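This is my_file.txt. It holds compact mmCIF, C-alpha atoms.
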```txt
# COMPACT_ATOMS: atom_id res chain seq x y z
CA MET A 61 134.17 92.15 110.79
CA HIS A 62 132.50 89.42 112.80
CA LEU A 63 130.50 89.07 116.01
CA THR A 64 130.83 86.55 118.83
CA TYR A 65 127.92 84.91 120.64
CA THR A 66 128.53 82.89 123.81
CA ALA A 67 125.76 80.63 125.11
CA LEU A 68 125.97 79.56 128.76
CA GLY A 69 123.77 77.18 130.68
CA ASP A 70 122.09 73.83 130.95
CA SER A 71 120.37 71.31 128.66
CA LEU A 72 118.36 74.05 126.90
CA THR A 73 121.59 75.61 125.67
CA VAL A 74 122.88 72.17 124.68
CA GLY A 75 119.65 71.51 122.76
CA VAL A 76 118.48 68.34 124.51
CA GLY A 77 115.15 67.29 123.01
CA ALA A 78 115.80 68.54 119.49
CA PHE A 79 115.43 65.70 116.99
CA LEU A 80 117.74 65.69 113.96
CA THR A 81 118.08 69.46 114.16
CA HIS A 82 119.51 72.25 116.31
CA GLY A 83 118.44 73.64 119.65
CA PHE A 84 117.67 77.32 120.10
CA VAL A 85 121.30 78.56 120.13
CA LYS A 86 122.16 77.88 116.49
CA ARG A 87 118.67 78.90 115.35
CA TYR A 88 119.09 82.20 117.16
CA ALA A 89 122.61 82.60 115.76
CA LYS A 90 121.28 82.27 112.19
CA LYS A 91 118.72 85.00 112.85
CA LEU A 92 121.49 87.27 114.18
CA GLU A 93 123.65 86.59 111.13
CA CYS A 94 120.76 87.59 108.86
CA LEU A 95 120.19 90.74 110.90
CA TYR A 96 123.79 91.94 110.95
CA GLN A 97 124.97 90.40 107.66
CA VAL A 98 128.29 89.37 109.21
CA PRO A 99 129.73 86.01 110.30
CA LEU A 100 128.84 84.98 113.85
CA ASP A 101 131.22 82.91 115.99
CA VAL A 102 129.24 80.75 118.41
CA ASN A 103 130.71 79.43 121.66
CA ILE A 104 128.53 76.97 123.59
CA ARG A 105 129.58 76.46 127.21
CA ALA A 106 126.81 74.31 128.62
CA LYS A 107 126.06 70.95 130.21
CA PRO A 108 122.79 69.04 130.75
CA GLY A 109 121.70 68.99 134.38
CA LEU A 110 123.67 72.09 135.32
CA THR A 111 122.44 74.11 138.31
CA SER A 112 123.09 77.79 139.00
CA GLY A 113 125.75 76.90 141.57
CA GLN A 114 127.56 74.68 139.08
CA LEU A 115 127.40 77.35 136.38
CA LEU A 116 128.87 79.86 138.83
CA HIS A 117 131.74 77.46 139.56
CA ASP A 118 132.36 76.94 135.84
CA ILE A 119 132.45 80.67 135.12
CA ALA A 120 134.75 81.31 138.08
CA PHE A 121 137.28 78.55 137.41
CA ASN A 122 137.03 77.26 133.83
CA GLU A 123 139.47 79.16 131.63
CA LYS A 124 137.70 78.18 128.40
CA THR A 125 134.41 79.51 129.70
CA ARG A 126 136.03 82.72 130.92
CA ASN A 127 137.68 83.27 127.53
CA ALA A 128 134.37 82.69 125.74
CA ILE A 129 132.75 85.33 127.97
CA ALA A 130 135.63 87.78 127.50
CA GLN A 131 135.27 87.65 123.71
CA ALA A 132 131.47 87.77 123.49
CA ASP A 133 129.40 90.55 121.97
CA MET A 134 126.25 88.70 123.01
CA ILE A 135 125.63 86.21 125.83
CA THR A 136 122.58 84.08 126.57
CA ILE A 137 122.10 82.21 129.85
CA THR A 138 119.68 79.36 130.46
CA ILE A 139 119.85 78.30 134.09
CA GLY A 140 117.36 77.57 136.85
CA GLY A 141 115.32 74.66 135.53
CA ASN A 142 117.39 72.14 137.48
CA ASP A 143 117.34 74.37 140.57
CA LEU A 144 113.55 74.38 140.29
CA LEU A 145 113.41 70.59 139.90
CA GLN A 146 115.55 70.20 143.02
CA ALA A 147 113.37 72.70 144.88
CA ALA A 148 110.26 70.75 143.79
CA ARG A 149 111.10 68.21 146.46
CA HIS A 150 110.47 70.95 149.02
CA PHE A 151 107.17 72.34 147.70
CA HIS A 152 105.49 71.23 150.93
CA GLN A 153 108.35 72.51 153.12
CA PRO A 154 108.25 76.33 152.89
CA TYR A 155 111.49 76.92 154.83
CA ASN A 156 113.56 74.63 152.59
CA LEU A 157 111.91 76.02 149.46
CA GLU A 158 112.70 79.59 150.48
CA LYS A 159 116.29 78.51 151.14
CA SER A 160 116.53 77.01 147.63
CA MET A 161 115.18 80.17 146.02
CA ASN A 162 117.51 82.39 148.06
CA GLN A 163 120.45 80.27 146.91
CA TYR A 164 119.34 80.66 143.30
CA PHE A 165 119.16 84.44 143.65
CA PHE A 166 122.61 84.52 145.28
CA HIS A 167 124.10 82.36 142.51
CA MET A 168 122.57 84.46 139.73
CA ARG A 169 123.84 87.67 141.24
CA ALA A 170 127.31 86.14 141.61
CA ILE A 171 127.22 84.84 138.01
CA LEU A 172 126.45 88.29 136.63
CA ASN A 173 129.05 89.93 138.87
CA GLU A 174 131.66 87.43 137.72
CA ILE A 175 130.82 88.14 134.07
CA SER A 176 131.14 91.86 134.78
CA THR A 177 134.56 91.27 136.34
CA ILE A 178 135.73 89.22 133.36
CA ARG A 179 134.60 91.99 131.00
CA SER A 180 136.04 94.87 133.04
CA CYS A 181 139.24 94.99 130.95
CA ASN A 182 137.41 94.81 127.62
CA PRO A 183 136.14 98.18 126.33
CA ARG A 184 133.68 96.56 123.88
CA THR A 185 130.02 96.68 124.82
CA TYR A 186 128.20 93.40 125.41
CA PHE A 187 124.62 92.28 125.92
CA ILE A 188 123.29 89.53 128.21
CA GLN A 189 119.93 87.80 127.76
CA LEU A 190 118.54 85.80 130.65
CA ILE A 191 116.21 83.18 129.18
CA GLY A 192 113.24 82.69 131.50
CA LEU A 193 111.86 79.36 132.65
CA TYR A 194 108.87 77.42 131.41
CA ASN A 195 107.23 74.92 133.75
CA PRO A 196 109.00 71.52 133.45
CA VAL A 197 106.78 69.95 136.16
CA PRO A 198 103.22 71.20 135.45
CA SER A 199 101.66 68.20 137.20
CA ILE A 200 103.13 69.20 140.58
CA PRO A 201 100.78 71.35 142.69
CA TYR A 202 101.94 74.96 143.22
CA SER A 203 104.74 74.56 140.64
CA ASP A 204 103.49 77.55 138.62
CA LEU A 205 103.49 79.72 141.74
CA TYR A 206 107.14 79.03 142.44
CA LEU A 207 108.08 79.17 138.78
CA HIS A 208 106.83 82.77 138.71
CA ARG A 209 109.05 83.56 141.67
CA TYR A 210 112.09 82.16 139.86
CA ASN A 211 111.24 84.18 136.77
CA ASP A 212 110.68 87.30 138.87
CA MET A 213 114.20 86.85 140.24
CA LEU A 214 115.62 86.67 136.72
CA ARG A 215 113.60 89.70 135.64
CA SER A 216 114.92 91.67 138.62
CA PHE A 217 118.45 91.57 137.17
CA SER A 218 117.42 93.59 134.09
CA SER A 219 119.65 96.61 133.49
CA ARG A 220 121.05 98.71 130.65
CA HIS A 221 122.82 95.65 129.19
CA ILE A 222 120.87 92.72 130.72
CA THR A 223 117.39 91.74 129.53
CA TYR A 224 114.91 89.04 130.50
CA VAL A 225 113.36 86.83 127.79
CA ASP A 226 109.91 85.54 128.75
CA ILE A 227 109.17 82.07 127.35
CA TYR A 228 106.68 81.01 130.02
CA LYS A 229 103.53 82.16 128.22
CA PRO A 230 104.03 80.43 124.84
CA PHE A 231 104.92 77.14 126.55
CA LEU A 232 101.89 77.47 128.82
CA ARG A 233 99.59 77.91 125.82
CA ASN A 234 100.91 74.98 123.75
CA PRO A 235 102.79 72.50 125.96
CA GLN A 236 101.88 69.44 123.86
CA GLN A 237 103.18 71.08 120.68
CA LEU A 238 106.37 72.49 122.20
CA LEU A 239 107.64 69.84 124.62
CA ALA A 240 109.28 66.47 124.04
CA GLY A 241 108.35 63.47 126.16
CA ASP A 242 111.01 64.27 128.77
CA TYR A 243 109.74 67.85 129.23
CA HIS A 244 112.61 69.35 127.25
CA PRO A 245 111.57 71.52 124.30
CA ASN A 246 111.11 69.74 120.99
CA ASN A 247 112.04 71.26 117.62
CA ASN A 248 109.04 73.60 117.74
CA GLY A 249 109.84 74.59 121.30
CA TYR A 250 113.42 75.53 120.47
CA GLU A 251 112.20 77.59 117.53
CA ILE A 252 109.90 79.49 119.90
CA ILE A 253 112.82 80.21 122.27
CA ALA A 254 114.98 81.39 119.36
CA GLU A 255 112.19 83.66 118.08
CA HIS A 256 111.59 85.23 121.49
CA ALA A 257 115.32 85.75 122.04
CA PHE A 258 115.56 87.43 118.64
CA LEU A 259 112.56 89.70 119.27
CA ASN A 260 114.04 90.61 122.64
CA HIS A 261 117.33 91.41 120.91
CA LEU A 262 115.57 93.72 118.44
CA GLN A 263 113.82 95.52 121.28
CA TYR A 264 117.16 96.00 123.02
CA VAL A 265 118.81 97.39 119.87
CA HIS A 266 115.92 99.79 119.25
CA SER A 267 115.96 100.97 122.88
CA LYS A 268 119.70 101.71 122.63
CA LYS A 269 119.16 103.71 119.44
CA GLY A 270 116.39 105.66 121.14
CA THR A 271 118.68 106.41 124.08
CA LYS A 272 121.39 107.75 121.76
CA LYS A 273 118.92 109.99 119.93
CA GLY A 274 117.67 111.35 123.25
```
Take the structure in this file and express it as structure tokens.
Amino acid sequence: MHLTYTALGDSLTVGVGAFLTHGFVKRYAKKLECLYQVPLDVNIRAKPGLTSGQLLHDIAFNEKTRNAIAQADMITITIGGNDLLQAARHFHQPYNLEKSMNQYFFHMRAILNEISTIRSCNPRTYFIQLIGLYNPVPSIPYSDLYLHRYNDMLRSFSSRHITYVDIYKPFLRNPQQLLAGDYHPNNNGYEIIAEHAFLNHLQYVHSKKGTKKG
């Protein structure tokens, strides 16, 4: 027996910023292997700089990405940081900013619908974790306000097999210890993301057991 974990997204899934070690994906995978005591196949389908629209295109048209999704027992998605950075140029233009956020919501909904379509012929259950955003541009006025709105959008997609992983608070408390010079997570930051993803996974598993008992 083995399990398959597919990681989708941007530079956080790639692990940009980690120095001589792994990003959060392989750290999280090791925790899952220890939990389930079975081998874990890891598929990373990610690219630095990716936006939600580009991820949607990849999921819709890239056969390798679609196959990785079709086989997955667990999926993580990190996307939105680059959308936020693009939207940051419009922080003083409310109409354009609202347009950017509406596009992000549309893309996320389409991404999850596309994943559901890919999985419709596979009877195996699967679990999606949406990794929330930390603030990559804390020096920009109002950035926290809009970051919360992006995270609220992600949280709104929670369902019986989709959960939201909040990483905003730990990065807010210790930005100097968790971020590299380019605002990507450093080794400590990726460990924090892996830990929060794992705790979220445990909560999901326990909630499913409770549902079965009920």
Worksheet entry | Distance in Å - atom CA of Thr138 of chain A versus atom CA of Leu190 of chain A | 6.5 Å
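Between atom CA of Leu205 of chain A and atom CA of Gly77 of chain A the separation is 25.3 Å.
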Worksheet entry | Proximity to Ile252 of chain A - best of A:Gly109, A:Thr73, A:Phe84, A:Phe187, all atoms listed in the file | A:Phe84
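Atom CA of Ile191 of chain A sits 11.8 Å away from atom CA of Glu255 of chain A.
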Worksheet item: Do you know which residues lie at most 12 Å from (135.8, 88.9, 133.0), with coordinates as in the file and all atoms listed in the file counted, and could you write them as a PyMOL selection string?
Response: chain A and resi 119-132+171-183+186
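Of the residues listed (A:Tyr224, A:Glu158, A:Arg149, A:Gln236), A:Arg149 shows the shortest atom-to-atom separation from Pro201 of chain A; distances use all atoms listed in the file.
By chain and then residue number, the residues within 8 Å of segment 211-215 of chain A are Phe165, Met168, Leu190, Gly192, Leu193, Leu207, Thr223 and Tyr224 of chain A, counting only C-alpha atoms and disregarding those fewer than 4 positions away in sequence.
The shortest atom-to-atom distance to Gly113 of chain A, with only C-alpha atoms taken into account, belongs to A:Arg169 out of A:Arg169, A:Lys91, A:Lys229, A:Lys86.
Of the listed residues A:Ala106, A:Leu115, A:Val265, A:Leu157, the one whose atoms come nearest to Val74 of chain A is A:Ala106, with distances taken using only C-alpha atoms.
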Discussion item. If we count only C-alpha atoms and set the cut-off at 12 Å, which residues sit around Leu145 of chain A, ignoring sequence neighbours fewer than 6 positions away in its own chain? Please answer as an NGL selection string.
Written reply: :A and (109-111 or 139 or 151 or 157 or 160-161 or 193-198 or 200 or 203 or 206-207 or 210 or 243)
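The residue that comes closest to Gln163 of chain A, out of A:Ile135, A:Ser112, A:Arg209, A:Val98 and on the basis of all atoms listed in the file, is A:Ser112.
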Point (118.0, 93.3, 126.5) neighbourhood (9 Å, all atoms listed in the file) written as a PDB file with C-alpha atoms, in the coordinates of the input:
```
ATOM      1  CA  PHE A 187     124.620  92.280 125.920  1.00  0.00           C
ATOM      2  CA  ILE A 188     123.290  89.530 128.210  1.00  0.00           C
ATOM      3  CA  GLN A 189     119.930  87.800 127.760  1.00  0.00           C
ATOM      4  CA  LEU A 190     118.540  85.800 130.650  1.00  0.00           C
ATOM      5  CA  SER A 218     117.420  93.590 134.090  1.00  0.00           C
ATOM      6  CA  SER A 219     119.650  96.610 133.490  1.00  0.00           C
ATOM      7  CA  ARG A 220     121.050  98.710 130.650  1.00  0.00           C
ATOM      8  CA  HIS A 221     122.820  95.650 129.190  1.00  0.00           C
ATOM      9  CA  ILE A 222     120.870  92.720 130.720  1.00  0.00           C
ATOM     10  CA  THR A 223     117.390  91.740 129.530  1.00  0.00           C
ATOM     11  CA  TYR A 224     114.910  89.040 130.500  1.00  0.00           C
ATOM     12  CA  VAL A 225     113.360  86.830 127.790  1.00  0.00           C
ATOM     13  CA  ASN A 260     114.040  90.610 122.640  1.00  0.00           C
ATOM     14  CA  HIS A 261     117.330  91.410 120.910  1.00  0.00           C
ATOM     15  CA  LEU A 262     115.570  93.720 118.440  1.00  0.00           C
ATOM     16  CA  GLN A 263     113.820  95.520 121.280  1.00  0.00           C
ATOM     17  CA  TYR A 264     117.160  96.000 123.020  1.00  0.00           C
ATOM     18  CA  VAL A 265     118.810  97.390 119.870  1.00  0.00           C
ATOM     19  CA  SER A 267     115.960 100.970 122.880  1.00  0.00           C
TER      20      SER A 267
END
```
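Shortest separation to Ala147 of chain A among A:Phe166, A:Tyr96, A:Tyr202, A:Phe217 occurs at residue A:Tyr202, atoms counted being only C-alpha atoms.
For Gln97 of chain A, the set of protein, DNA and RNA residues having any atom at most 12 Å away, when counting all atoms listed in the file and skipping those fewer than 4 positions along the same chain, is Met61, His62, Leu63, Ala89, Lys90, Lys91, Leu92 and Glu93 of chain A.
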Worksheet entry | Non-local contacts of Thr81 of chain A (12 Å; all atoms listed in the file; under 5 positions in same chain excluded) as a PyMOL selection string | chain A and resi 74-76+86-87+246-248+250-251
